[in-house]
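Source file: work-v3.txt (compact mmCIF, C-alpha atoms and all ligand atoms)
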# COMPACT_ATOMS: atom_id res chain seq x y z
CA MET Y 218 89.18 66.75 145.97
CA THR Y 219 85.62 67.87 145.28
CA GLN Y 220 85.93 70.91 147.56
CA SER Y 221 89.07 72.22 145.90
CA ARG Y 222 87.15 72.34 142.62
CA GLY Y 223 84.47 74.70 143.91
CA LEU Y 224 80.74 74.25 143.98
CA SER Y 225 79.73 71.99 141.10
CA GLY Y 226 77.40 73.33 138.44
CA PHE Y 227 76.31 69.76 137.84
CA THR Y 228 73.61 68.78 140.27
CA GLY Y 229 71.81 65.56 139.29
CA PRO Y 230 72.50 61.92 140.16
CA ASP Y 231 73.54 61.20 136.55
CA ALA Y 232 76.08 64.04 136.34
CA PRO Y 233 79.49 63.36 134.73
CA ALA Y 234 81.71 61.44 137.15
CA ASP Y 235 84.93 63.11 138.25
CA GLU Y 236 86.95 59.98 137.53
CA ASP Y 237 85.80 60.19 133.88
CA LEU Y 238 86.11 63.95 133.54
CA TYR Y 239 89.59 64.30 134.98
CA LYS Y 240 91.04 61.50 132.88
CA CYS Y 241 91.43 63.92 129.99
CA VAL Y 242 94.99 65.26 129.88
CA HIS Y 243 94.27 67.73 127.04
CA CYS Y 244 96.75 66.10 124.68
CA GLY Y 245 94.62 66.87 121.64
CA LEU Y 246 95.18 63.51 119.95
CA CYS Y 247 91.42 63.18 119.44
CA LEU Y 248 90.98 66.46 117.58
CA ASN Y 249 91.49 65.26 114.04
CA ALA Y 250 89.05 62.38 114.56
CA CYS Y 251 86.25 64.81 115.44
CA PRO Y 252 83.93 65.71 112.58
CA THR Y 253 82.82 69.03 114.03
CA TYR Y 254 86.44 70.04 114.61
CA LEU Y 255 87.35 68.95 111.08
CA GLU Y 256 84.53 71.14 109.73
CA THR Y 257 85.08 74.22 111.90
CA GLY Y 258 88.69 74.11 113.11
CA LEU Y 259 87.45 75.51 116.43
CA GLU Y 260 88.71 74.24 119.78
CA ALA Y 261 85.25 74.72 121.33
CA GLU Y 262 83.84 72.32 118.72
CA SER Y 263 86.39 69.64 119.56
CA PRO Y 264 86.25 66.88 122.18
CA ARG Y 265 88.97 68.55 124.22
CA GLY Y 266 87.13 71.86 124.12
CA ARG Y 267 83.83 70.27 125.13
CA ILE Y 268 85.48 68.44 128.03
CA ALA Y 269 87.08 71.72 129.13
CA LEU Y 270 83.60 73.27 129.22
CA MET Y 271 82.32 70.33 131.28
CA LYS Y 272 85.16 70.90 133.73
CA ALA Y 273 84.37 74.62 133.87
CA VAL Y 274 80.75 73.89 134.79
CA ARG Y 275 81.80 71.14 137.17
CA GLU Y 276 84.11 73.54 138.99
CA GLY Y 277 81.57 76.35 139.11
CA ARG Y 278 83.59 78.59 136.77
CA ALA Y 279 80.85 78.63 134.13
CA THR Y 280 77.11 78.12 133.96
CA MET Y 281 74.99 76.46 131.32
CA THR Y 282 74.19 79.47 129.23
CA PRO Y 283 72.64 78.92 125.79
CA SER Y 284 75.93 79.82 124.10
CA LEU Y 285 77.88 77.31 126.19
CA VAL Y 286 75.32 74.53 125.75
CA LYS Y 287 75.43 75.09 121.99
CA HIS Y 288 78.94 73.59 121.86
CA TRP Y 289 77.65 70.42 123.48
CA ASP Y 290 74.56 70.40 121.25
CA LEU Y 291 76.81 70.41 118.21
CA CYS Y 292 78.49 67.18 119.33
CA LEU Y 293 77.23 64.21 117.31
CA GLN Y 294 78.03 61.70 120.06
CA CYS Y 295 79.81 59.73 117.35
CA ARG Y 296 82.56 58.68 119.81
CA ALA Y 297 85.33 58.92 117.22
CA CYS Y 298 87.25 60.85 119.87
CA GLU Y 299 86.83 58.01 122.34
CA ALA Y 300 88.33 55.51 119.90
CA ALA Y 301 91.25 57.88 119.22
CA CYS Y 302 91.99 58.76 122.85
CA PRO Y 303 95.16 57.13 124.30
CA SER Y 304 94.01 57.95 127.85
CA ASN Y 305 90.76 55.99 127.50
CA VAL Y 306 88.54 58.95 128.29
CA PRO Y 307 84.97 57.60 128.14
CA TYR Y 308 83.72 60.52 126.12
CA GLY Y 309 80.40 58.89 125.19
CA ARG Y 310 79.54 58.39 128.85
CA LEU Y 311 80.63 61.94 129.67
CA MET Y 312 78.45 63.47 126.98
CA GLU Y 313 75.44 61.31 127.86
CA ALA Y 314 75.79 62.43 131.48
CA THR Y 315 76.20 66.05 130.39
CA ARG Y 316 73.03 65.80 128.31
CA THR Y 317 71.06 64.67 131.38
CA GLU Y 318 72.25 67.83 133.12
CA MET Y 319 71.24 69.86 130.09
CA VAL Y 320 67.72 68.39 130.24
CA ALA Y 321 67.49 69.42 133.89
CA GLN Y 322 69.14 72.82 133.68
CA ALA Y 323 69.47 74.33 130.22
CA SER Y 324 66.67 76.61 129.03
CA ARG Y 325 65.04 75.55 125.75
CA SER Y 326 62.46 77.22 123.56
CA VAL Y 327 58.83 76.10 123.88
CA PRO Y 328 58.73 74.43 120.40
CA GLU Y 329 61.93 72.59 121.23
CA ARG Y 330 60.54 71.34 124.54
CA LEU Y 331 57.31 70.27 122.87
CA GLY Y 332 59.21 68.47 120.10
CA ARG Y 333 61.35 66.64 122.64
CA ALA Y 334 58.34 65.63 124.72
CA LEU Y 335 56.52 64.34 121.65
CA GLY Y 336 59.51 62.39 120.36
CA TYR Y 337 61.14 61.04 123.51
CA GLN Y 338 58.18 60.72 125.87
CA VAL Y 339 55.23 59.98 123.59
CA LEU Y 340 56.29 58.40 120.28
CA LEU Y 341 59.45 56.42 120.96
CA PRO Y 342 58.10 54.55 124.01
CA SER Y 343 55.00 53.43 122.12
CA PRO Y 344 55.41 51.16 119.06
CA ARG Y 345 51.71 51.64 118.26
CA LYS Y 346 51.91 55.46 118.23
CA LEU Y 347 55.14 55.31 116.27
CA ARG Y 348 53.50 53.08 113.66
CA MET Y 349 50.59 55.51 113.42
CA ALA Y 350 53.09 58.31 112.81
CA GLY Y 351 54.74 56.10 110.18
CA VAL Y 352 51.40 55.52 108.45
CA GLY Y 353 50.78 59.28 108.49
CA LEU Y 354 54.20 59.95 106.95
CA LYS Y 355 53.66 57.29 104.30
CA LEU Y 356 50.28 58.74 103.32
CA TYR Y 357 51.78 62.22 103.23
CA GLN Y 358 54.56 61.02 100.92
CA LYS Y 359 52.38 58.91 98.62
CA SER Y 360 49.49 61.37 98.26
CA GLY Y 361 49.80 64.66 96.42
CA VAL Y 362 49.90 66.55 99.72
CA ARG Y 363 53.66 66.51 99.93
CA ARG Y 364 54.15 67.95 96.46
CA ALA Y 365 51.56 70.65 97.15
CA ILE Y 366 53.19 71.61 100.43
CA GLN Y 367 56.68 71.61 98.98
CA ALA Y 368 55.52 73.77 96.08
CA SER Y 369 53.99 76.29 98.49
CA ARG Y 370 56.03 78.42 100.87
CA ILE Y 371 54.15 77.19 103.91
CA LEU Y 372 57.09 75.10 105.16
CA LYS Y 373 59.31 78.14 105.37
CA LEU Y 374 56.88 79.55 107.93
CA ALA Y 375 56.73 76.36 110.01
CA PRO Y 376 58.92 75.90 113.12
CA GLY Y 377 62.48 74.85 112.27
CA GLY Y 378 62.01 71.27 113.47
CA ILE Y 379 59.07 70.65 111.12
CA TYR Y 380 60.91 72.16 108.17
CA ASN Y 381 63.98 70.02 108.86
CA LEU Y 382 61.89 66.89 109.41
CA GLU Y 383 60.11 67.39 106.11
CA ARG Y 384 63.41 67.85 104.26
CA ALA Y 385 65.18 64.91 105.85
CA ALA Y 386 62.34 62.45 106.51
CA PRO Y 387 63.07 59.06 104.99
CA GLU Y 388 61.06 57.74 102.08
CA ILE Y 389 58.88 54.92 103.44
CA ARG Y 390 58.68 52.39 100.65
CA GLY Y 391 58.25 48.85 101.88
CA ARG Y 392 56.01 47.19 104.41
CA PHE Y 393 56.47 47.80 108.11
CA PHE Y 394 58.14 45.01 110.03
CA ILE Y 395 56.02 44.21 113.08
CA PRO Y 396 57.25 41.92 115.86
CA ARG Y 397 54.53 39.33 116.39
CA GLY Y 398 56.37 36.52 118.12
CA GLN Y 399 57.69 35.14 114.80
CA LEU Y 400 59.81 32.02 115.03
CA LEU Y 401 61.89 31.35 111.96
CA PRO Y 402 63.56 27.93 112.08
CA ALA Y 403 67.19 27.41 111.18
CA ARG Y 404 67.82 26.06 107.72
CA GLY Y 405 69.81 22.84 107.91
CA VAL Y 406 71.62 21.98 111.11
CA ARG Y 407 70.84 24.47 113.87
CA ARG Y 408 73.97 26.37 114.88
CA ALA Y 409 72.40 28.89 117.26
CA ARG Y 410 69.14 30.23 118.65
CA VAL Y 411 68.69 33.99 119.04
CA THR Y 412 66.16 36.70 119.71
CA LEU Y 413 66.09 39.66 117.32
CA LEU Y 414 65.52 43.29 118.26
CA SER Y 415 62.94 44.92 116.03
CA GLY Y 416 63.54 48.46 117.30
CA CYS Y 417 61.67 51.69 116.58
CA VAL Y 418 62.60 53.51 113.36
CA MET Y 419 64.21 50.71 111.36
CA PRO Y 420 61.13 48.40 111.21
CA LEU Y 421 59.07 51.29 109.83
CA VAL Y 422 61.54 52.78 107.41
CA HIS Y 423 63.46 49.67 106.40
CA GLY Y 424 61.02 46.85 107.13
CA PRO Y 425 62.27 44.78 104.17
CA THR Y 426 65.79 44.83 105.65
CA MET Y 427 64.43 43.39 108.90
CA GLU Y 428 62.85 40.57 106.84
CA ALA Y 429 66.18 40.10 105.04
CA THR Y 430 67.97 39.87 108.40
CA LEU Y 431 65.67 37.03 109.44
CA ARG Y 432 66.28 35.16 106.18
CA VAL Y 433 70.05 35.60 106.32
CA LEU Y 434 70.21 34.35 109.90
CA SER Y 435 68.00 31.37 109.10
CA ARG Y 436 70.07 30.55 105.99
CA ASN Y 437 73.10 30.44 108.27
CA GLY Y 438 71.57 27.84 110.58
CA VAL Y 439 70.18 30.26 113.16
CA GLU Y 440 66.75 29.89 114.71
CA VAL Y 441 65.30 33.37 115.22
CA VAL Y 442 62.62 34.45 117.67
CA VAL Y 443 61.11 37.94 117.40
CA PRO Y 444 59.28 38.56 120.71
CA ALA Y 445 56.02 40.45 120.27
CA ASP Y 446 56.21 42.48 123.48
CA GLN Y 447 59.34 44.43 122.55
CA GLY Y 448 59.62 48.12 121.76
CA CYS Y 449 62.24 50.84 121.44
CA CYS Y 450 65.52 49.99 123.17
CA GLY Y 451 66.02 53.54 124.51
CA THR Y 452 69.13 54.51 122.52
CA LEU Y 453 67.78 57.84 121.34
CA ASN Y 454 66.63 58.66 124.86
CA VAL Y 455 70.08 57.89 126.26
CA HIS Y 456 71.72 60.20 123.74
CA ALA Y 457 69.21 62.96 124.42
CA GLY Y 458 69.80 62.85 128.19
CA GLU Y 459 66.33 61.39 128.82
CA ARG Y 460 67.87 58.78 131.07
CA ASN Y 461 64.92 57.78 133.23
CA ARG Y 462 62.76 57.07 130.19
CA ALA Y 463 65.72 55.20 128.67
CA ARG Y 464 65.93 53.04 131.80
CA ALA Y 465 62.26 52.12 131.54
CA LEU Y 466 62.75 51.13 127.89
CA ALA Y 467 65.87 49.14 128.76
CA ARG Y 468 64.01 47.16 131.44
CA GLN Y 469 61.25 46.38 128.98
CA THR Y 470 63.77 45.31 126.33
CA ILE Y 471 65.55 43.02 128.78
CA ASP Y 472 62.27 41.40 129.86
CA SER Y 473 61.24 40.88 126.27
CA LEU Y 474 64.45 39.68 124.59
CA MET Y 475 66.32 37.77 127.30
CA ILE Y 476 64.42 34.50 127.07
CA ASP Y 477 65.61 31.04 128.06
CA GLY Y 478 67.79 28.99 125.76
CA ILE Y 479 69.22 31.71 123.52
CA ASP Y 480 72.83 32.06 122.46
CA ALA Y 481 72.61 35.75 121.58
CA ILE Y 482 70.40 38.81 121.22
CA VAL Y 483 70.96 39.99 117.67
CA VAL Y 484 70.66 43.63 116.64
CA ALA Y 485 70.54 44.90 113.06
CA SER Y 486 70.93 48.58 113.91
CA ALA Y 487 74.41 49.69 115.05
CA GLY Y 488 73.14 52.50 117.28
CA CYS Y 489 70.77 50.22 119.17
CA GLY Y 490 73.37 47.49 119.66
CA SER Y 491 75.81 49.97 121.11
CA ALA Y 492 73.37 51.19 123.77
CA MET Y 493 72.10 47.69 124.57
CA LYS Y 494 75.65 46.47 125.23
CA GLU Y 495 75.85 49.27 127.82
CA TYR Y 496 72.64 48.46 129.73
CA GLY Y 497 74.74 47.28 132.66
CA GLU Y 498 76.02 50.83 133.04
CA LEU Y 499 72.59 52.40 132.50
CA LEU Y 500 70.95 50.21 135.17
CA ARG Y 501 73.89 49.98 137.57
CA ASP Y 502 71.92 51.62 140.40
CA ASP Y 503 68.85 49.44 139.95
CA PRO Y 504 69.26 46.45 142.30
CA SER Y 505 66.50 44.43 140.64
CA TYR Y 506 67.98 44.77 137.12
CA ARG Y 507 71.70 45.45 137.63
CA GLU Y 508 72.86 41.87 137.28
CA ARG Y 509 70.46 40.92 134.47
CA ALA Y 510 71.39 44.08 132.57
CA ALA Y 511 75.07 43.14 132.73
CA ARG Y 512 74.31 39.60 131.48
CA PHE Y 513 72.04 41.02 128.80
CA GLY Y 514 74.82 43.30 127.57
CA LYS Y 515 77.13 40.32 127.12
CA LEU Y 516 74.51 38.48 125.05
CA VAL Y 517 73.97 41.39 122.65
CA LYS Y 518 75.61 40.94 119.25
CA ASP Y 519 75.58 43.25 116.30
CA VAL Y 520 74.33 41.21 113.34
CA HIS Y 521 77.63 41.58 111.42
CA GLU Y 522 79.66 40.61 114.45
CA PHE Y 523 77.37 37.62 114.99
CA LEU Y 524 77.34 36.37 111.39
CA ALA Y 525 81.09 36.77 110.93
CA GLY Y 526 81.68 34.92 114.20
CA LEU Y 527 79.45 31.95 113.34
CA PRO Y 528 81.23 31.92 110.81
CA LEU Y 529 79.18 32.91 107.76
CA ASP Y 530 78.23 30.29 105.22
CA PRO Y 531 79.11 32.34 102.12
CA PRO Y 532 76.58 32.69 99.32
CA ARG Y 533 77.17 30.41 96.36
CA ALA Y 534 75.78 32.90 93.85
CA ALA Y 535 77.55 36.06 92.70
CA LEU Y 536 76.38 39.68 92.68
CA ASP Y 537 78.99 41.24 90.38
CA MET Y 538 79.09 44.78 91.75
CA THR Y 539 81.43 47.37 93.21
CA VAL Y 540 80.55 48.22 96.79
CA THR Y 541 81.91 50.74 99.25
CA TYR Y 542 81.29 50.45 102.96
CA GLN Y 543 80.26 53.28 105.25
CA ASP Y 544 81.30 52.76 108.86
CA ALA Y 545 78.54 53.61 111.33
CA CYS Y 546 79.96 55.52 114.30
CA HIS Y 547 78.21 53.36 116.86
CA LEU Y 548 79.61 50.25 115.24
CA ALA Y 549 83.15 51.39 114.42
CA HIS Y 550 83.82 53.65 117.42
CA ALA Y 551 81.42 52.63 120.17
CA GLN Y 552 81.50 48.87 119.52
CA ARG Y 553 84.92 48.86 117.77
CA ILE Y 554 83.55 46.65 115.00
CA SER Y 555 84.84 47.50 111.56
CA LYS Y 556 86.30 44.29 110.11
CA PRO Y 557 83.24 41.95 110.31
CA PRO Y 558 80.96 43.96 107.96
CA ARG Y 559 83.80 44.19 105.44
CA ALA Y 560 84.50 40.47 105.80
CA LEU Y 561 80.84 39.70 105.09
CA LEU Y 562 80.88 41.86 101.96
CA ARG Y 563 84.10 40.21 100.74
CA ALA Y 564 82.47 36.82 101.30
CA ILE Y 565 79.89 37.55 98.60
CA PRO Y 566 81.21 36.24 95.29
CA GLY Y 567 81.49 38.99 92.68
CA VAL Y 568 81.50 41.88 95.18
CA ARG Y 569 84.48 44.19 94.78
CA LEU Y 570 84.92 46.20 97.96
CA VAL Y 571 86.53 49.61 97.51
CA GLU Y 572 87.31 51.81 100.49
CA MET Y 573 86.09 55.39 100.50
CA PRO Y 574 88.14 58.22 102.00
CA GLU Y 575 87.18 59.03 105.61
CA SER Y 576 84.88 56.03 105.94
CA SER Y 577 84.81 56.36 109.72
CA VAL Y 578 84.02 60.10 109.81
CA CYS Y 579 80.40 60.63 110.87
CA CYS Y 580 77.85 61.23 108.10
CA GLY Y 581 75.98 63.71 110.30
CA ALA Y 582 72.89 61.60 110.97
CA GLY Y 583 73.51 61.19 114.70
CA GLY Y 584 70.11 59.86 115.81
CA THR Y 585 67.95 63.00 115.89
CA TYR Y 586 70.94 65.30 115.30
CA PHE Y 587 69.83 65.94 111.72
CA LEU Y 588 66.72 67.63 113.14
CA GLN Y 589 68.42 69.59 115.89
CA GLU Y 590 71.58 70.68 114.10
CA PRO Y 591 70.58 70.63 110.43
CA GLU Y 592 73.35 72.84 109.11
CA MET Y 593 76.25 70.79 110.48
CA SER Y 594 74.36 67.62 109.64
CA ARG Y 595 74.06 68.68 106.00
CA ARG Y 596 77.72 69.69 105.79
CA LEU Y 597 78.82 66.29 107.05
CA ALA Y 598 76.34 64.46 104.83
CA LYS Y 599 77.69 66.27 101.79
CA ARG Y 600 81.26 65.48 102.80
CA LYS Y 601 80.40 61.80 103.20
CA ALA Y 602 78.35 61.58 99.99
CA SER Y 603 81.20 63.20 98.05
CA ASN Y 604 83.57 60.59 99.45
CA VAL Y 605 81.15 57.84 98.38
CA VAL Y 606 80.96 59.25 94.86
CA THR Y 607 84.77 59.32 94.45
CA THR Y 608 84.82 55.51 94.77
CA LYS Y 609 82.53 55.11 91.73
CA ALA Y 610 80.90 52.22 93.59
CA ALA Y 611 77.44 51.16 92.48
CA VAL Y 612 76.37 50.55 96.06
CA VAL Y 613 77.22 52.04 99.43
CA ALA Y 614 76.64 49.46 102.14
CA THR Y 615 75.78 50.53 105.65
CA PRO Y 616 75.04 48.82 108.98
CA ASN Y 617 72.67 51.41 110.45
CA PRO Y 618 69.29 52.99 109.61
CA GLY Y 619 70.28 56.58 110.43
CA CYS Y 620 73.30 56.35 108.10
CA ALA Y 621 71.18 54.80 105.33
CA ILE Y 622 68.57 57.56 105.52
CA GLN Y 623 71.20 60.28 105.63
CA MET Y 624 73.13 58.83 102.69
CA GLU Y 625 70.02 58.44 100.52
CA ASN Y 626 69.20 62.12 101.01
CA ALA Y 627 72.77 63.35 100.54
CA LEU Y 628 73.45 61.27 97.43
CA ARG Y 629 70.14 62.35 95.90
CA GLN Y 630 71.07 65.99 96.49
CA LEU Y 631 74.42 65.45 94.77
CA GLY Y 632 72.60 63.92 91.81
CA SER Y 633 74.27 60.56 92.40
CA GLU Y 634 72.52 57.30 91.55
CA THR Y 635 74.62 55.24 93.96
CA GLU Y 636 72.35 52.75 95.67
CA VAL Y 637 72.23 52.64 99.47
CA ALA Y 638 71.81 49.16 100.94
CA TYR Y 639 72.46 47.36 104.18
CA VAL Y 640 75.17 44.70 104.28
CA VAL Y 641 72.47 42.11 105.10
CA ASP Y 642 70.43 43.26 102.07
CA LEU Y 643 73.34 42.33 99.82
CA LEU Y 644 73.83 38.99 101.54
CA ASP Y 645 70.12 38.28 101.23
CA ARG Y 646 70.21 39.20 97.54
CA ALA Y 647 73.07 36.78 96.91
CA TYR Y 648 71.39 33.96 98.85
CA ALA Y 649 68.19 34.51 96.85
CA LEU Y 650 70.16 34.04 93.63
CA GLU Y 651 71.38 30.64 94.85
CA LYS Y 652 67.89 29.29 94.33
CA GLN Y 653 68.01 30.30 90.67
CA ALA Y 654 71.50 28.95 90.08
S1 LIG I 701 89.93 63.21 125.23
FE1 LIG I 701 91.75 61.93 125.21
S2 LIG I 701 92.77 62.39 123.26
FE2 LIG I 701 91.26 64.02 123.63
S3 LIG I 701 92.43 65.63 124.66
FE3 LIG I 701 91.53 64.37 126.29
S4 LIG I 701 93.11 62.83 126.78
FE4 LIG I 701 93.67 63.73 124.80
S1 LIG I 702 81.58 62.46 119.92
FE1 LIG I 702 82.13 62.94 117.79
S2 LIG I 702 81.42 65.04 117.45
FE2 LIG I 702 81.42 64.70 119.67
S3 LIG I 702 83.41 65.47 120.34
FE3 LIG I 702 83.68 63.26 119.97
S4 LIG I 702 84.39 63.09 117.85
FE4 LIG I 702 83.54 65.18 118.12
Would it be possible to restate this file's structure as structure tokens?
Ligand code: SF4
Ligand code: SF4
Amino acid sequence: MTQSRGLSGFTGPDAPADEDLYKCVHCGLCLNACPTYLETGLEAESPRGRIALMKAVREGRATMTPSLVKHWDLCLQCRACEAACPSNVPYGRLMEATRTEMVAQASRSVPERLGRALGYQVLLPSPRKLRMAGVGLKLYQKSGVRRAIQASRILKLAPGGIYNLERAAPEIRGRFFIPRGQLLPARGVRRARVTLLSGCVMPLVHGPTMEATLRVLSRNGVEVVVPADQGCCGTLNVHAGERNRARALARQTIDSLMIDGIDAIVVASAGCGSAMKEYGELLRDDPSYRERAARFGKLVKDVHEFLAGLPLDPPRAALDMTVTYQDACHLAHAQRISKPPRALLRAIPGVRLVEMPESSVCCGAGGTYFLQEPEMSRRLAKRKASNVVTTKAAVVATPNPGCAIQMENALRQLGSETEVAYVVDLLDRAYALEKQA
């Protein structure tokens, strides 16, 4: 079978598997779920087109030229196509495997290689260095330096990545959330005991939401442990094709979070939860972790999935607001979880949930996509923000840090005052009002 397809252009141990690649029957039923196809109308920017290019490289009919790789770069890895595919093509796995080949084979500019090394090899694996970068960003934003730089034209001369980072960097407002081995007891009768992932970006950018997650879990009878020795879970590395570094981070996350006597490993960020549920696949060739990784994956619960399944003890105070919900791709498509966050919002007295058009179409955040493909990212952000605005909701609720950051920027650029909040923020707000009632 392999011989009849010619000499493969994929060469590494993590290359796309034939049994995944040749599942695609080119029916095209995924096309209208794909944000880049919706925006461009081009076959090469569709899942089917990208799979066809993978097959061409696999069969030695094409090589990884910059123009070919560009079509894969433009993929958000949102996995909407995977959810839409009747043939169960594991598109996410295919693209992750393709990205590992791109890391090994595709030529990249020097600034791009340096940026990747700094992000994926230096900052993400080290919570301490990441916090230092967060402190630097906070100082830059709070001091007058940012205004001075923005007023000058210096940014226009900087490499593209720096310009895009400056434009899209999240506003760091609250305190950082730092895992220190916290143990928050359950309020009332204990219903469960869990460990909580802190993660990498979310505890720096949305530290107060991490605190809110602890309170909401505790209020629902859950004892929460936040192990101190945890770090980044490796999601961004997986998506970038940095698979060996991702494996090291996965092993560390398993060692840290899978402690005795827990009922679940709770994750507040949709992207992280999705990758952590797939650790069994990531570590399948590692005999010393394979089995634990598979067990770990089964213990991982997205916080909305977990709270809705408890089930939630609804707040007794009301919020009186109109809310729309933005599906995060790695919750709705990768984890197939879309009802629980909505059920939690509906459980808050006074919340009127209105659906936005195209809720499950990607907002263009895509991990670090907003840095690498800023134009498509901005187009999708604008599309999503416009859909939010049509609902006239006061708040757009999200389950993921990347989506929250992207929406804040996009809504601000549209001149909208719609607030962006996490679902757990709203729950926490309602529980806090109980004390005053
Ligand atoms: S990925 Fe699935 S839906 Fe898309 S063309 Fe292939 S078989 Fe059809
Ligand atoms: S992962 Fe998303 S952007 Fe990529 S091909 Fe599938 S639907 Fe399109």
Compile the contact shell of Y:Thr257 as a list in words: residues with an atom at most 12 Å away, counting all atoms listed in the file, same-chain residues fewer than 3 positions apart removed. Leu248, Asn249, Cys251, Pro252, Thr253, Tyr254, Glu260, Ala261, Glu262, Ser263, His288, Leu291, Met593, Arg596 and Leu597 of chain Y
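Nearest to Y:Arg333 of all the residues Y:Asp530, Y:Val320, Y:Met493, Y:Arg410 is Y:Val320, based on all atoms listed in the file.
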Throw together the list of residues within 10 Å of ligand LIG 702 (chain I), counting all atoms listed in the file, and drop it here as a PyMOL selection string. chain Y and resi 247-255+261-268+288-302+308-309+311-312+546+550-551+578-579+581+583
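Ranking Y:Cys244, Y:Met319, Y:Val441, Y:Ile554 by their shortest atom-to-atom distance to Y:Ile482, with all atoms listed in the file included, puts Y:Val441 first.
The nearest approach to ligand LIG 701 (chain I) among the residues Y:Asp237, Y:Asp537, Y:Glu522, Y:Asp645, with all atoms listed in the file taken into account, belongs to Y:Asp237.
When the distance limit is 10 Å and all atoms listed in the file are what count, the residues near Y:Ala627, minus those fewer than 2 positions from it on the same chain, are Ala385, Cys580, Arg595, Arg596, Leu597, Ala598, Lys599, Arg600, Lys601, Ala602, Ser603, Ala621, Ile622, Gln623, Met624, Glu625, Arg629, Gln630, Leu631, Gly632 and Ser633 of chain Y.
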Let's have the selection written as an mmCIF file, keeping the file's coordinate frame, with C-alpha atoms.
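File written: selection09.cif
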data_model
loop_
_atom_site.group_PDB
_atom_site.id
_atom_site.type_symbol
_atom_site.label_atom_id
_atom_site.label_comp_id
_atom_site.auth_asym_id
_atom_site.auth_seq_id
_atom_site.Cartn_x
_atom_site.Cartn_y
_atom_site.Cartn_z
ATOM 1 C CA ALA Y 385 65.180 64.910 105.850
ATOM 2 C CA CYS Y 580 77.850 61.230 108.100
ATOM 3 C CA ARG Y 595 74.060 68.680 106.000
ATOM 4 C CA ARG Y 596 77.720 69.690 105.790
ATOM 5 C CA LEU Y 597 78.820 66.290 107.050
ATOM 6 C CA ALA Y 598 76.340 64.460 104.830
ATOM 7 C CA LYS Y 599 77.690 66.270 101.790
ATOM 8 C CA ARG Y 600 81.260 65.480 102.800
ATOM 9 C CA LYS Y 601 80.400 61.800 103.200
ATOM 10 C CA ALA Y 602 78.350 61.580 99.990
ATOM 11 C CA SER Y 603 81.200 63.200 98.050
ATOM 12 C CA ALA Y 621 71.180 54.800 105.330
ATOM 13 C CA ILE Y 622 68.570 57.560 105.520
ATOM 14 C CA GLN Y 623 71.200 60.280 105.630
ATOM 15 C CA MET Y 624 73.130 58.830 102.690
ATOM 16 C CA GLU Y 625 70.020 58.440 100.520
ATOM 17 C CA ARG Y 629 70.140 62.350 95.900
ATOM 18 C CA GLN Y 630 71.070 65.990 96.490
ATOM 19 C CA LEU Y 631 74.420 65.450 94.770
ATOM 20 C CA GLY Y 632 72.600 63.920 91.810
ATOM 21 C CA SER Y 633 74.270 60.560 92.400
#
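Counting only C-alpha atoms and all ligand atoms and comparing Y:Leu246, Y:Ala334, Y:Ala234, Y:Leu354, the residue that lies closest to ligand LIG 701 (chain I) is Y:Leu246.
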Taking every listed atom of stretch 453-461 of chain Y and adding 4 Å to each side, what centre and edge lengths in Å (one decimal) does the axis-aligned box have, as lines of an AutoDock Vina configuration file?
center_x = 68.3
center_y = 60.4
center_z = 127.3
size_x = 14.8
size_y = 13.2
size_z = 19.9
Would you mind completing stretch 553-561 of chain Y to N, CA and C atoms and writing the output as a PDB file, in the frame of the given file?
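What landed in out.pdb:
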ATOM      1  N   ARG Y 553      83.606  49.217 118.359  1.00  0.00           N
ATOM      2  CA  ARG Y 553      84.920  48.860 117.770  1.00  0.00           C
ATOM      3  C   ARG Y 553      84.795  47.676 116.805  1.00  0.00           C
ATOM      4  N   ILE Y 554      83.757  47.708 115.979  1.00  0.00           N
ATOM      5  CA  ILE Y 554      83.550  46.650 115.000  1.00  0.00           C
ATOM      6  C   ILE Y 554      83.639  47.263 113.604  1.00  0.00           C
ATOM      7  N   SER Y 555      84.710  46.984 112.923  1.00  0.00           N
ATOM      8  CA  SER Y 555      84.840  47.500 111.560  1.00  0.00           C
ATOM      9  C   SER Y 555      85.221  46.403 110.564  1.00  0.00           C
ATOM     10  N   LYS Y 556      85.892  45.346 111.048  1.00  0.00           N
ATOM     11  CA  LYS Y 556      86.300  44.290 110.110  1.00  0.00           C
ATOM     12  C   LYS Y 556      85.141  43.355 109.725  1.00  0.00           C
ATOM     13  N   PRO Y 557      84.281  42.926 110.676  1.00  0.00           N
ATOM     14  CA  PRO Y 557      83.240  41.950 110.310  1.00  0.00           C
ATOM     15  C   PRO Y 557      82.328  42.375 109.147  1.00  0.00           C
ATOM     16  N   PRO Y 558      81.809  43.621 109.110  1.00  0.00           N
ATOM     17  CA  PRO Y 558      80.960  43.960 107.960  1.00  0.00           C
ATOM     18  C   PRO Y 558      81.718  43.861 106.640  1.00  0.00           C
ATOM     19  N   ARG Y 559      82.981  44.269 106.666  1.00  0.00           N
ATOM     20  CA  ARG Y 559      83.800  44.190 105.440  1.00  0.00           C
ATOM     21  C   ARG Y 559      84.043  42.734 105.069  1.00  0.00           C
ATOM     22  N   ALA Y 560      84.273  41.892 106.078  1.00  0.00           N
ATOM     23  CA  ALA Y 560      84.500  40.470 105.800  1.00  0.00           C
ATOM     24  C   ALA Y 560      83.247  39.843 105.176  1.00  0.00           C
ATOM     25  N   LEU Y 561      82.078  40.244 105.651  1.00  0.00           N
ATOM     26  CA  LEU Y 561      80.840  39.700 105.090  1.00  0.00           C
ATOM     27  C   LEU Y 561      80.687  40.136 103.631  1.00  0.00           C
TER      28      LEU Y 561
END
